[in-house]
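Down below is the structure, laid out as structure tokens.
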Amino acid sequence: MISDTHRRLRDATHAHHARLETRIDILNRIATPEGRRELVARFHALHTAAEQALAPFLVGVDGLDFDARRRSGRLAGDLADLGAAPREPSAPIVVGGVGEALGLMYVLEGSTLGGRVIRKQVESCGGDMHGLSFLDPYGAEVGDRWRAFLGVIEAEADVAGLVAGAVAGFAHSERHLCEAGGDD
């Protein structure tokens, strides 16, 4: 059963999510070595900027374990595996409070569910996950980690902040992952 808060987030971000999913075209982009390196570098820049913005608000949030949810380190390892250099985000991501931070985190944590689906699609076509470990960082624990995260956002009173942060999170993701400059 989906909570009211989760439903509101999902409904408010549905169009943003669909747009990002279409624009990112991840399966085609990871099909070539160059495309894979570029995309992983863009994900690294996004997560680096997001983690810097989120940490002051989320490090101490009960039940979240923010540090265990960081993916920039894993992405740095993926970049090294691919022989690629990291990109530095050109602009910081600005977050206005805990509610907005959790909304942005909703986008990042939700991508772990999508990453697991992508992993299965790649492997079913005979592809490899070389340099893509960040897509499935929790492995078999992804469902438990997602439910724990939903419990954290359910406790957040600032639902408007959650929605604003999630909408901004999709916009940041689209800008970092899909735009010509990558982090303009």
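Residues in the structure tokens are numbered from 1 in each chain, the chains being A, B, ... in the order shown, and ligands are numbered from 1 in the order shown.
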
Show which residues sit within 6 Å of region 33-43 of chain A, as a list in words. Count only C-alpha atoms, and ignore same-chain residues fewer than 4 positions away.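 Neighbouring residues, sequence-local ones excluded: Arg29, Ala84, Pro86, Arg87 and Leu177 of chain A.
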
List the spatial neighbours of region 63-79 of chain A as a PyMOL selection string - criterion: any atom at most 9 Å away, only C-alpha atoms, same-chain residues fewer than 4 positions off excluded. chain A and resi 37+40-41+43-48+51+54-55+58-59+83-86+109+130-134+137-138+148-149+151-152

Sel. of alpha helix (DSSP H) residues, chain A, as a compact mmCIF listing (two decimals) with N, CA, C and O atoms, in the first residue's frame:
```txt
# COMPACT_ATOMS: atom_id res chain seq x y z
N ASP A 4 0.08 8.33 1.59
CA ASP A 4 -0.38 9.59 0.99
C ASP A 4 0.81 10.44 0.56
O ASP A 4 0.80 11.03 -0.53
N THR A 5 1.84 10.50 1.39
CA THR A 5 3.02 11.30 1.05
C THR A 5 3.69 10.76 -0.20
O THR A 5 4.02 11.52 -1.11
N HIS A 6 3.87 9.45 -0.27
CA HIS A 6 4.51 8.85 -1.44
C HIS A 6 3.65 9.08 -2.68
O HIS A 6 4.17 9.40 -3.76
N ARG A 7 2.35 8.94 -2.55
CA ARG A 7 1.45 9.17 -3.68
C ARG A 7 1.58 10.61 -4.18
O ARG A 7 1.64 10.85 -5.39
N ARG A 8 1.60 11.56 -3.25
CA ARG A 8 1.72 12.96 -3.64
C ARG A 8 3.04 13.22 -4.38
O ARG A 8 3.07 13.93 -5.39
N LEU A 9 4.12 12.63 -3.87
CA LEU A 9 5.42 12.79 -4.53
C LEU A 9 5.40 12.16 -5.92
O LEU A 9 5.85 12.77 -6.90
N ARG A 10 4.91 10.95 -6.00
CA ARG A 10 4.87 10.24 -7.28
C ARG A 10 4.01 11.00 -8.28
O ARG A 10 4.40 11.18 -9.44
N ASP A 11 2.83 11.45 -7.86
CA ASP A 11 1.94 12.16 -8.77
C ASP A 11 2.54 13.51 -9.22
O ASP A 11 2.44 13.87 -10.40
N ALA A 12 3.17 14.22 -8.30
CA ALA A 12 3.74 15.54 -8.62
C ALA A 12 4.95 15.43 -9.53
O ALA A 12 5.27 16.39 -10.24
N THR A 13 5.62 14.29 -9.52
CA THR A 13 6.85 14.16 -10.30
C THR A 13 6.72 13.23 -11.51
O THR A 13 7.70 13.05 -12.24
N HIS A 14 5.56 12.68 -11.72
CA HIS A 14 5.39 11.69 -12.79
C HIS A 14 5.86 12.22 -14.15
O HIS A 14 6.64 11.56 -14.85
N ALA A 15 5.43 13.39 -14.53
CA ALA A 15 5.81 13.94 -15.84
C ALA A 15 7.31 14.21 -15.91
O ALA A 15 7.94 13.97 -16.94
N HIS A 16 7.89 14.70 -14.80
CA HIS A 16 9.33 14.98 -14.76
C HIS A 16 10.12 13.69 -14.89
O HIS A 16 11.14 13.64 -15.60
N HIS A 17 9.66 12.66 -14.21
CA HIS A 17 10.31 11.36 -14.26
C HIS A 17 10.26 10.79 -15.68
O HIS A 17 11.28 10.32 -16.21
N ALA A 18 9.09 10.84 -16.28
CA ALA A 18 8.92 10.31 -17.64
C ALA A 18 9.80 11.06 -18.64
O ALA A 18 10.43 10.46 -19.51
N ARG A 19 9.87 12.37 -18.49
CA ARG A 19 10.70 13.18 -19.39
C ARG A 19 12.18 12.81 -19.25
O ARG A 19 12.87 12.60 -20.25
N LEU A 20 12.66 12.68 -18.01
CA LEU A 20 14.05 12.32 -17.79
C LEU A 20 14.34 10.93 -18.35
O LEU A 20 15.34 10.72 -19.03
N GLU A 21 13.46 10.00 -18.08
CA GLU A 21 13.66 8.63 -18.55
C GLU A 21 13.76 8.58 -20.09
O GLU A 21 14.59 7.86 -20.64
N THR A 22 12.95 9.37 -20.75
CA THR A 22 12.99 9.42 -22.21
C THR A 22 14.27 10.10 -22.70
O THR A 22 14.95 9.59 -23.59
N ARG A 23 14.60 11.22 -22.10
CA ARG A 23 15.76 11.98 -22.57
C ARG A 23 17.08 11.29 -22.29
O ARG A 23 18.01 11.40 -23.08
N ILE A 24 17.18 10.59 -21.19
CA ILE A 24 18.48 10.01 -20.82
C ILE A 24 18.86 8.86 -21.75
O ILE A 24 20.04 8.66 -22.01
N ILE A 26 19.31 5.73 -21.55
CA ILE A 26 20.47 5.12 -20.91
C ILE A 26 20.99 3.88 -21.63
O ILE A 26 22.20 3.70 -21.77
N LEU A 27 20.11 3.02 -22.10
CA LEU A 27 20.58 1.79 -22.74
C LEU A 27 21.40 2.07 -23.99
O LEU A 27 22.41 1.42 -24.23
N ASN A 28 20.99 3.04 -24.78
CA ASN A 28 21.77 3.40 -25.96
C ASN A 28 23.07 4.09 -25.59
O ASN A 28 24.10 3.88 -26.23
N ARG A 29 23.04 4.91 -24.55
CA ARG A 29 24.24 5.65 -24.17
C ARG A 29 25.31 4.75 -23.58
O ARG A 29 26.49 5.04 -23.71
N PRO A 33 31.66 2.31 -25.52
CA PRO A 33 32.60 2.70 -24.46
C PRO A 33 32.61 4.21 -24.21
O PRO A 33 32.63 4.65 -23.05
N GLU A 34 32.57 5.00 -25.27
CA GLU A 34 32.59 6.46 -25.11
C GLU A 34 31.33 6.95 -24.42
O GLU A 34 31.38 7.80 -23.54
N GLY A 35 30.18 6.43 -24.86
CA GLY A 35 28.92 6.83 -24.26
C GLY A 35 28.84 6.43 -22.80
O GLY A 35 28.34 7.19 -21.96
N ARG A 36 29.34 5.26 -22.49
CA ARG A 36 29.33 4.78 -21.10
C ARG A 36 30.21 5.68 -20.22
O ARG A 36 29.79 6.09 -19.14
N ARG A 37 31.42 5.99 -20.69
CA ARG A 37 32.31 6.86 -19.90
C ARG A 37 31.67 8.23 -19.67
O ARG A 37 31.71 8.76 -18.56
N GLU A 38 31.10 8.79 -20.73
CA GLU A 38 30.47 10.12 -20.61
C GLU A 38 29.31 10.09 -19.64
O GLU A 38 29.17 10.98 -18.79
N LEU A 39 28.46 9.08 -19.73
CA LEU A 39 27.30 9.02 -18.86
C LEU A 39 27.70 8.81 -17.40
O LEU A 39 27.16 9.46 -16.50
N VAL A 40 28.65 7.94 -17.16
CA VAL A 40 29.10 7.71 -15.78
C VAL A 40 29.74 8.98 -15.22
O VAL A 40 29.51 9.32 -14.05
N ALA A 41 30.49 9.70 -16.02
CA ALA A 41 31.08 10.97 -15.57
C ALA A 41 29.98 11.97 -15.21
O ALA A 41 30.09 12.71 -14.22
N ARG A 42 28.92 12.00 -15.99
CA ARG A 42 27.80 12.91 -15.70
C ARG A 42 27.08 12.49 -14.42
O ARG A 42 26.71 13.34 -13.60
N PHE A 43 26.87 11.19 -14.22
CA PHE A 43 26.26 10.71 -12.98
C PHE A 43 27.14 11.07 -11.79
O PHE A 43 26.64 11.46 -10.73
N HIS A 44 28.45 10.94 -11.95
CA HIS A 44 29.37 11.28 -10.86
C HIS A 44 29.23 12.76 -10.49
O HIS A 44 29.15 13.12 -9.32
N ALA A 45 29.21 13.63 -11.51
CA ALA A 45 29.06 15.06 -11.24
C ALA A 45 27.74 15.35 -10.53
O ALA A 45 27.70 16.15 -9.58
N LEU A 46 26.66 14.72 -10.98
CA LEU A 46 25.35 14.91 -10.34
C LEU A 46 25.40 14.48 -8.88
O LEU A 46 24.98 15.22 -7.99
N HIS A 47 25.88 13.27 -8.62
CA HIS A 47 25.88 12.77 -7.25
C HIS A 47 26.83 13.54 -6.35
O HIS A 47 26.52 13.78 -5.18
N THR A 48 27.96 13.98 -6.88
CA THR A 48 28.89 14.78 -6.09
C THR A 48 28.23 16.08 -5.65
O THR A 48 28.27 16.45 -4.47
N ALA A 49 27.60 16.77 -6.59
CA ALA A 49 26.92 18.03 -6.27
C ALA A 49 25.76 17.80 -5.32
O ALA A 49 25.56 18.56 -4.36
N ALA A 50 24.97 16.77 -5.56
CA ALA A 50 23.81 16.50 -4.71
C ALA A 50 24.24 16.13 -3.29
O ALA A 50 23.67 16.64 -2.32
N GLU A 51 25.24 15.28 -3.16
CA GLU A 51 25.68 14.88 -1.83
C GLU A 51 26.22 16.06 -1.03
O GLU A 51 25.99 16.15 0.17
N GLN A 52 26.92 16.97 -1.70
CA GLN A 52 27.42 18.17 -1.02
C GLN A 52 26.26 19.02 -0.51
O GLN A 52 26.32 19.57 0.58
N ALA A 53 25.21 19.13 -1.31
CA ALA A 53 24.05 19.92 -0.92
C ALA A 53 23.22 19.24 0.16
O ALA A 53 22.65 19.89 1.03
N LEU A 54 23.13 17.92 0.11
CA LEU A 54 22.26 17.17 1.02
C LEU A 54 22.86 16.92 2.38
O LEU A 54 22.15 16.89 3.39
N ALA A 55 24.16 16.74 2.45
CA ALA A 55 24.80 16.33 3.71
C ALA A 55 24.46 17.22 4.90
O ALA A 55 24.13 16.70 5.97
N PRO A 56 24.51 18.55 4.77
CA PRO A 56 24.22 19.37 5.95
C PRO A 56 22.80 19.16 6.51
O PRO A 56 22.57 19.39 7.70
N PHE A 57 21.89 18.71 5.68
CA PHE A 57 20.50 18.52 6.11
C PHE A 57 20.19 17.08 6.50
O PHE A 57 19.28 16.83 7.29
N LEU A 58 20.89 16.11 5.92
CA LEU A 58 20.45 14.72 6.05
C LEU A 58 21.37 13.81 6.87
O LEU A 58 20.95 12.71 7.23
N PHE A 66 22.43 8.38 5.84
CA PHE A 66 22.80 9.11 4.63
C PHE A 66 24.15 8.67 4.07
O PHE A 66 24.30 8.47 2.86
N ASP A 67 25.14 8.53 4.93
CA ASP A 67 26.48 8.19 4.44
C ASP A 67 26.49 6.86 3.68
O ASP A 67 27.22 6.71 2.70
N ALA A 68 25.68 5.90 4.11
CA ALA A 68 25.62 4.61 3.42
C ALA A 68 24.89 4.70 2.09
O ALA A 68 24.98 3.79 1.27
N ARG A 69 24.19 5.80 1.86
CA ARG A 69 23.43 5.97 0.61
C ARG A 69 24.19 6.81 -0.42
O ARG A 69 23.74 6.96 -1.54
N SER A 72 28.72 8.73 -4.79
CA SER A 72 29.83 9.37 -5.51
C SER A 72 31.11 8.54 -5.43
O SER A 72 31.87 8.47 -6.40
N GLY A 73 31.37 7.89 -4.31
CA GLY A 73 32.55 7.03 -4.19
C GLY A 73 32.48 5.84 -5.13
O GLY A 73 33.47 5.49 -5.79
N ARG A 74 31.32 5.22 -5.19
CA ARG A 74 31.12 4.09 -6.10
C ARG A 74 31.28 4.56 -7.55
O ARG A 74 31.86 3.88 -8.38
N LEU A 75 30.74 5.73 -7.85
CA LEU A 75 30.86 6.28 -9.20
C LEU A 75 32.31 6.59 -9.54
O LEU A 75 32.75 6.38 -10.68
N ALA A 76 33.08 7.09 -8.57
CA ALA A 76 34.50 7.34 -8.81
C ALA A 76 35.21 6.02 -9.15
O ALA A 76 36.07 5.98 -10.05
N GLY A 77 34.85 4.95 -8.46
CA GLY A 77 35.40 3.64 -8.78
C GLY A 77 35.00 3.17 -10.17
O GLY A 77 35.83 2.61 -10.91
N ASP A 78 33.74 3.41 -10.53
CA ASP A 78 33.29 3.05 -11.88
C ASP A 78 34.06 3.85 -12.94
O ASP A 78 34.45 3.29 -13.98
N LEU A 79 34.28 5.14 -12.68
CA LEU A 79 35.05 5.95 -13.63
C LEU A 79 36.46 5.40 -13.79
O LEU A 79 36.97 5.30 -14.90
N ALA A 80 37.08 5.03 -12.67
CA ALA A 80 38.43 4.45 -12.74
C ALA A 80 38.42 3.15 -13.54
O ALA A 80 39.30 2.91 -14.36
N ASP A 81 37.40 2.31 -13.31
CA ASP A 81 37.29 1.06 -14.05
C ASP A 81 37.17 1.30 -15.56
O ASP A 81 37.62 0.49 -16.36
N LEU A 82 36.54 2.41 -15.92
CA LEU A 82 36.34 2.74 -17.33
C LEU A 82 37.49 3.56 -17.91
O LEU A 82 37.47 3.87 -19.10
N VAL A 98 15.33 20.52 5.22
CA VAL A 98 15.25 19.06 5.29
C VAL A 98 14.21 18.49 4.34
O VAL A 98 14.47 17.50 3.65
N GLY A 99 13.05 19.11 4.26
CA GLY A 99 12.01 18.62 3.35
C GLY A 99 12.49 18.60 1.91
O GLY A 99 12.33 17.59 1.21
N GLU A 100 13.08 19.69 1.45
CA GLU A 100 13.60 19.74 0.08
C GLU A 100 14.73 18.74 -0.12
O GLU A 100 14.83 18.10 -1.17
N ALA A 101 15.58 18.59 0.89
CA ALA A 101 16.68 17.63 0.80
C ALA A 101 16.14 16.21 0.65
O ALA A 101 16.63 15.43 -0.18
N LEU A 102 15.14 15.87 1.41
CA LEU A 102 14.55 14.54 1.29
C LEU A 102 13.85 14.35 -0.05
O LEU A 102 13.85 13.26 -0.61
N GLY A 103 13.28 15.42 -0.59
CA GLY A 103 12.68 15.35 -1.92
C GLY A 103 13.71 15.06 -2.99
O GLY A 103 13.50 14.22 -3.87
N LEU A 104 14.86 15.73 -2.92
CA LEU A 104 15.94 15.46 -3.86
C LEU A 104 16.46 14.03 -3.67
O LEU A 104 16.69 13.31 -4.63
N MET A 105 16.55 13.61 -2.41
CA MET A 105 17.01 12.25 -2.13
C MET A 105 16.03 11.22 -2.68
O MET A 105 16.43 10.13 -3.07
N TYR A 106 14.75 11.57 -2.72
CA TYR A 106 13.73 10.68 -3.30
C TYR A 106 14.07 10.34 -4.75
O TYR A 106 13.93 9.20 -5.18
N VAL A 107 14.55 11.32 -5.49
CA VAL A 107 14.93 11.10 -6.88
C VAL A 107 16.15 10.18 -6.95
O VAL A 107 16.17 9.22 -7.73
N LEU A 108 17.15 10.46 -6.14
CA LEU A 108 18.38 9.64 -6.16
C LEU A 108 18.11 8.22 -5.70
O LEU A 108 18.59 7.26 -6.31
N GLU A 109 17.34 8.07 -4.62
CA GLU A 109 17.05 6.73 -4.11
C GLU A 109 16.13 5.97 -5.07
O GLU A 109 16.28 4.76 -5.25
N GLY A 110 15.19 6.66 -5.68
CA GLY A 110 14.32 6.01 -6.66
C GLY A 110 15.11 5.47 -7.83
O GLY A 110 14.74 4.44 -8.42
N SER A 111 16.21 6.13 -8.15
CA SER A 111 17.02 5.66 -9.27
C SER A 111 17.68 4.31 -8.98
O SER A 111 18.08 3.61 -9.91
N THR A 112 17.77 3.93 -7.72
CA THR A 112 18.32 2.60 -7.41
C THR A 112 17.35 1.51 -7.86
O THR A 112 17.78 0.42 -8.23
N LEU A 113 16.06 1.81 -7.82
CA LEU A 113 15.07 0.85 -8.33
C LEU A 113 15.17 0.75 -9.84
O LEU A 113 15.19 -0.35 -10.40
N GLY A 114 15.25 1.89 -10.49
CA GLY A 114 15.40 1.91 -11.94
C GLY A 114 16.72 1.30 -12.38
O GLY A 114 16.78 0.60 -13.41
N GLY A 115 17.76 1.52 -11.62
CA GLY A 115 19.07 0.96 -11.94
C GLY A 115 19.06 -0.55 -11.93
O GLY A 115 19.70 -1.21 -12.76
N ARG A 116 18.31 -1.10 -11.02
CA ARG A 116 18.21 -2.57 -10.95
C ARG A 116 17.50 -3.11 -12.20
O ARG A 116 17.90 -4.13 -12.75
N VAL A 117 16.47 -2.41 -12.65
CA VAL A 117 15.76 -2.79 -13.88
C VAL A 117 16.71 -2.68 -15.08
O VAL A 117 16.76 -3.57 -15.93
N ILE A 118 17.47 -1.61 -15.13
CA ILE A 118 18.42 -1.42 -16.23
C ILE A 118 19.46 -2.54 -16.23
O ILE A 118 19.79 -3.09 -17.28
N ARG A 119 19.97 -2.88 -15.06
CA ARG A 119 20.95 -3.97 -14.96
C ARG A 119 20.38 -5.26 -15.56
O ARG A 119 21.04 -5.93 -16.35
N LYS A 120 19.15 -5.58 -15.21
CA LYS A 120 18.53 -6.80 -15.73
C LYS A 120 18.37 -6.73 -17.25
O LYS A 120 18.57 -7.72 -17.94
N GLN A 121 18.01 -5.55 -17.77
CA GLN A 121 17.86 -5.40 -19.23
C GLN A 121 19.20 -5.57 -19.93
O GLN A 121 19.28 -6.24 -20.97
N VAL A 122 20.24 -4.99 -19.38
CA VAL A 122 21.57 -5.09 -19.98
C VAL A 122 22.03 -6.54 -19.99
O VAL A 122 22.48 -7.06 -21.01
N GLU A 123 21.88 -7.20 -18.87
CA GLU A 123 22.34 -8.59 -18.77
C GLU A 123 21.50 -9.53 -19.63
O GLU A 123 22.03 -10.47 -20.20
N SER A 124 20.20 -9.26 -19.76
CA SER A 124 19.35 -10.14 -20.58
C SER A 124 19.69 -10.06 -22.06
O SER A 124 19.42 -10.97 -22.82
N VAL A 142 17.82 -3.71 -2.18
CA VAL A 142 17.23 -2.49 -2.74
C VAL A 142 15.81 -2.26 -2.24
O VAL A 142 15.44 -1.14 -1.89
N GLY A 143 14.99 -3.31 -2.17
CA GLY A 143 13.62 -3.14 -1.71
C GLY A 143 13.55 -2.72 -0.25
O GLY A 143 12.78 -1.83 0.11
N ASP A 144 14.35 -3.34 0.59
CA ASP A 144 14.38 -2.99 2.01
C ASP A 144 14.87 -1.55 2.20
O ASP A 144 14.32 -0.81 3.01
N ARG A 145 15.89 -1.17 1.45
CA ARG A 145 16.43 0.19 1.57
C ARG A 145 15.40 1.22 1.08
O ARG A 145 15.27 2.29 1.66
N TRP A 146 14.66 0.89 0.02
CA TRP A 146 13.63 1.80 -0.49
C TRP A 146 12.51 1.96 0.54
O TRP A 146 12.08 3.08 0.82
N ARG A 147 12.05 0.86 1.11
CA ARG A 147 11.00 0.95 2.12
C ARG A 147 11.46 1.74 3.34
O ARG A 147 10.70 2.52 3.91
N ALA A 148 12.70 1.58 3.75
CA ALA A 148 13.24 2.35 4.88
C ALA A 148 13.24 3.84 4.53
O ALA A 148 12.89 4.68 5.36
N PHE A 149 13.62 4.16 3.30
CA PHE A 149 13.62 5.55 2.88
C PHE A 149 12.20 6.11 2.87
O PHE A 149 11.96 7.23 3.34
N LEU A 150 11.25 5.34 2.37
CA LEU A 150 9.85 5.80 2.38
C LEU A 150 9.37 6.06 3.80
O LEU A 150 8.60 6.99 4.04
N GLY A 151 9.82 5.25 4.76
CA GLY A 151 9.48 5.49 6.16
C GLY A 151 10.02 6.82 6.65
O GLY A 151 9.36 7.54 7.42
N VAL A 152 11.21 7.19 6.21
CA VAL A 152 11.80 8.47 6.60
C VAL A 152 10.99 9.62 6.01
O VAL A 152 10.68 10.59 6.71
N ILE A 153 10.64 9.54 4.73
CA ILE A 153 9.89 10.66 4.15
C ILE A 153 8.47 10.73 4.71
O ILE A 153 7.90 11.81 4.78
N GLU A 154 7.92 9.61 5.10
CA GLU A 154 6.58 9.62 5.70
C GLU A 154 6.57 10.41 7.00
O GLU A 154 5.57 11.02 7.35
N VAL A 159 5.55 18.35 3.49
CA VAL A 159 5.25 17.66 2.24
C VAL A 159 5.46 18.60 1.05
O VAL A 159 5.97 18.16 0.01
N ALA A 160 5.14 19.86 1.19
CA ALA A 160 5.38 20.82 0.10
C ALA A 160 6.87 20.91 -0.20
O ALA A 160 7.27 20.97 -1.37
N GLY A 161 7.70 20.89 0.82
CA GLY A 161 9.15 20.89 0.63
C GLY A 161 9.62 19.62 -0.05
O GLY A 161 10.50 19.67 -0.91
N LEU A 162 9.06 18.48 0.34
CA LEU A 162 9.39 17.21 -0.31
C LEU A 162 9.11 17.28 -1.80
O LEU A 162 9.96 16.90 -2.63
N VAL A 163 7.93 17.77 -2.15
CA VAL A 163 7.54 17.86 -3.55
C VAL A 163 8.45 18.83 -4.30
O VAL A 163 8.95 18.51 -5.39
N ALA A 164 8.70 19.99 -3.71
CA ALA A 164 9.57 20.98 -4.36
C ALA A 164 10.97 20.40 -4.57
O ALA A 164 11.57 20.58 -5.64
N GLY A 165 11.50 19.71 -3.57
CA GLY A 165 12.82 19.12 -3.69
C GLY A 165 12.88 18.03 -4.74
O GLY A 165 13.87 17.90 -5.47
N ALA A 166 11.82 17.22 -4.83
CA ALA A 166 11.78 16.14 -5.82
C ALA A 166 11.68 16.72 -7.24
O ALA A 166 12.39 16.26 -8.14
N VAL A 167 10.85 17.71 -7.43
CA VAL A 167 10.73 18.35 -8.75
C VAL A 167 12.08 18.96 -9.14
O VAL A 167 12.57 18.78 -10.26
N ALA A 168 12.71 19.66 -8.19
CA ALA A 168 14.04 20.24 -8.46
C ALA A 168 15.05 19.13 -8.72
O ALA A 168 15.93 19.28 -9.57
N GLY A 169 14.93 18.01 -8.01
CA GLY A 169 15.85 16.88 -8.20
C GLY A 169 15.78 16.32 -9.61
O GLY A 169 16.82 16.00 -10.21
N PHE A 170 14.58 16.21 -10.15
CA PHE A 170 14.47 15.75 -11.53
C PHE A 170 15.06 16.77 -12.50
O PHE A 170 15.72 16.41 -13.48
N ALA A 171 14.85 18.06 -12.22
CA ALA A 171 15.42 19.10 -13.08
C ALA A 171 16.95 19.07 -13.02
O ALA A 171 17.62 19.16 -14.06
N HIS A 172 17.51 18.94 -11.81
CA HIS A 172 18.97 18.83 -11.67
C HIS A 172 19.48 17.61 -12.43
O HIS A 172 20.49 17.67 -13.13
N SER A 173 18.80 16.50 -12.27
CA SER A 173 19.22 15.26 -12.94
C SER A 173 19.20 15.43 -14.45
O SER A 173 20.14 15.03 -15.14
N GLU A 174 18.13 16.02 -14.95
CA GLU A 174 18.04 16.22 -16.40
C GLU A 174 19.14 17.14 -16.89
O GLU A 174 19.77 16.88 -17.92
N ARG A 175 19.39 18.21 -16.15
CA ARG A 175 20.44 19.15 -16.55
C ARG A 175 21.81 18.46 -16.54
O ARG A 175 22.57 18.57 -17.51
N HIS A 176 22.14 17.74 -15.49
CA HIS A 176 23.44 17.09 -15.39
C HIS A 176 23.60 15.94 -16.38
O HIS A 176 24.69 15.71 -16.88
N LEU A 177 22.55 15.19 -16.61
CA LEU A 177 22.67 13.97 -17.40
C LEU A 177 22.34 14.13 -18.88
O LEU A 177 22.79 13.31 -19.69
N CYS A 178 21.56 15.15 -19.23
CA CYS A 178 21.05 15.23 -20.60
C CYS A 178 21.44 16.48 -21.38
O CYS A 178 21.42 16.46 -22.60
```

Can you tell me how far CA of Asp158 (chain A) sits from CA of Gly96 (chain A), in Å to one decimal? 11.6 Å

Point-to-point distance in Å for CA of Ala155 (chain A) and CA of Val61 (chain A): 10.5 Å

As an exercise, work out the distance from CA of Ala157 (chain A) to CA of Val95 (chain A) in Å and give it to one decimal place. 16.6 Å
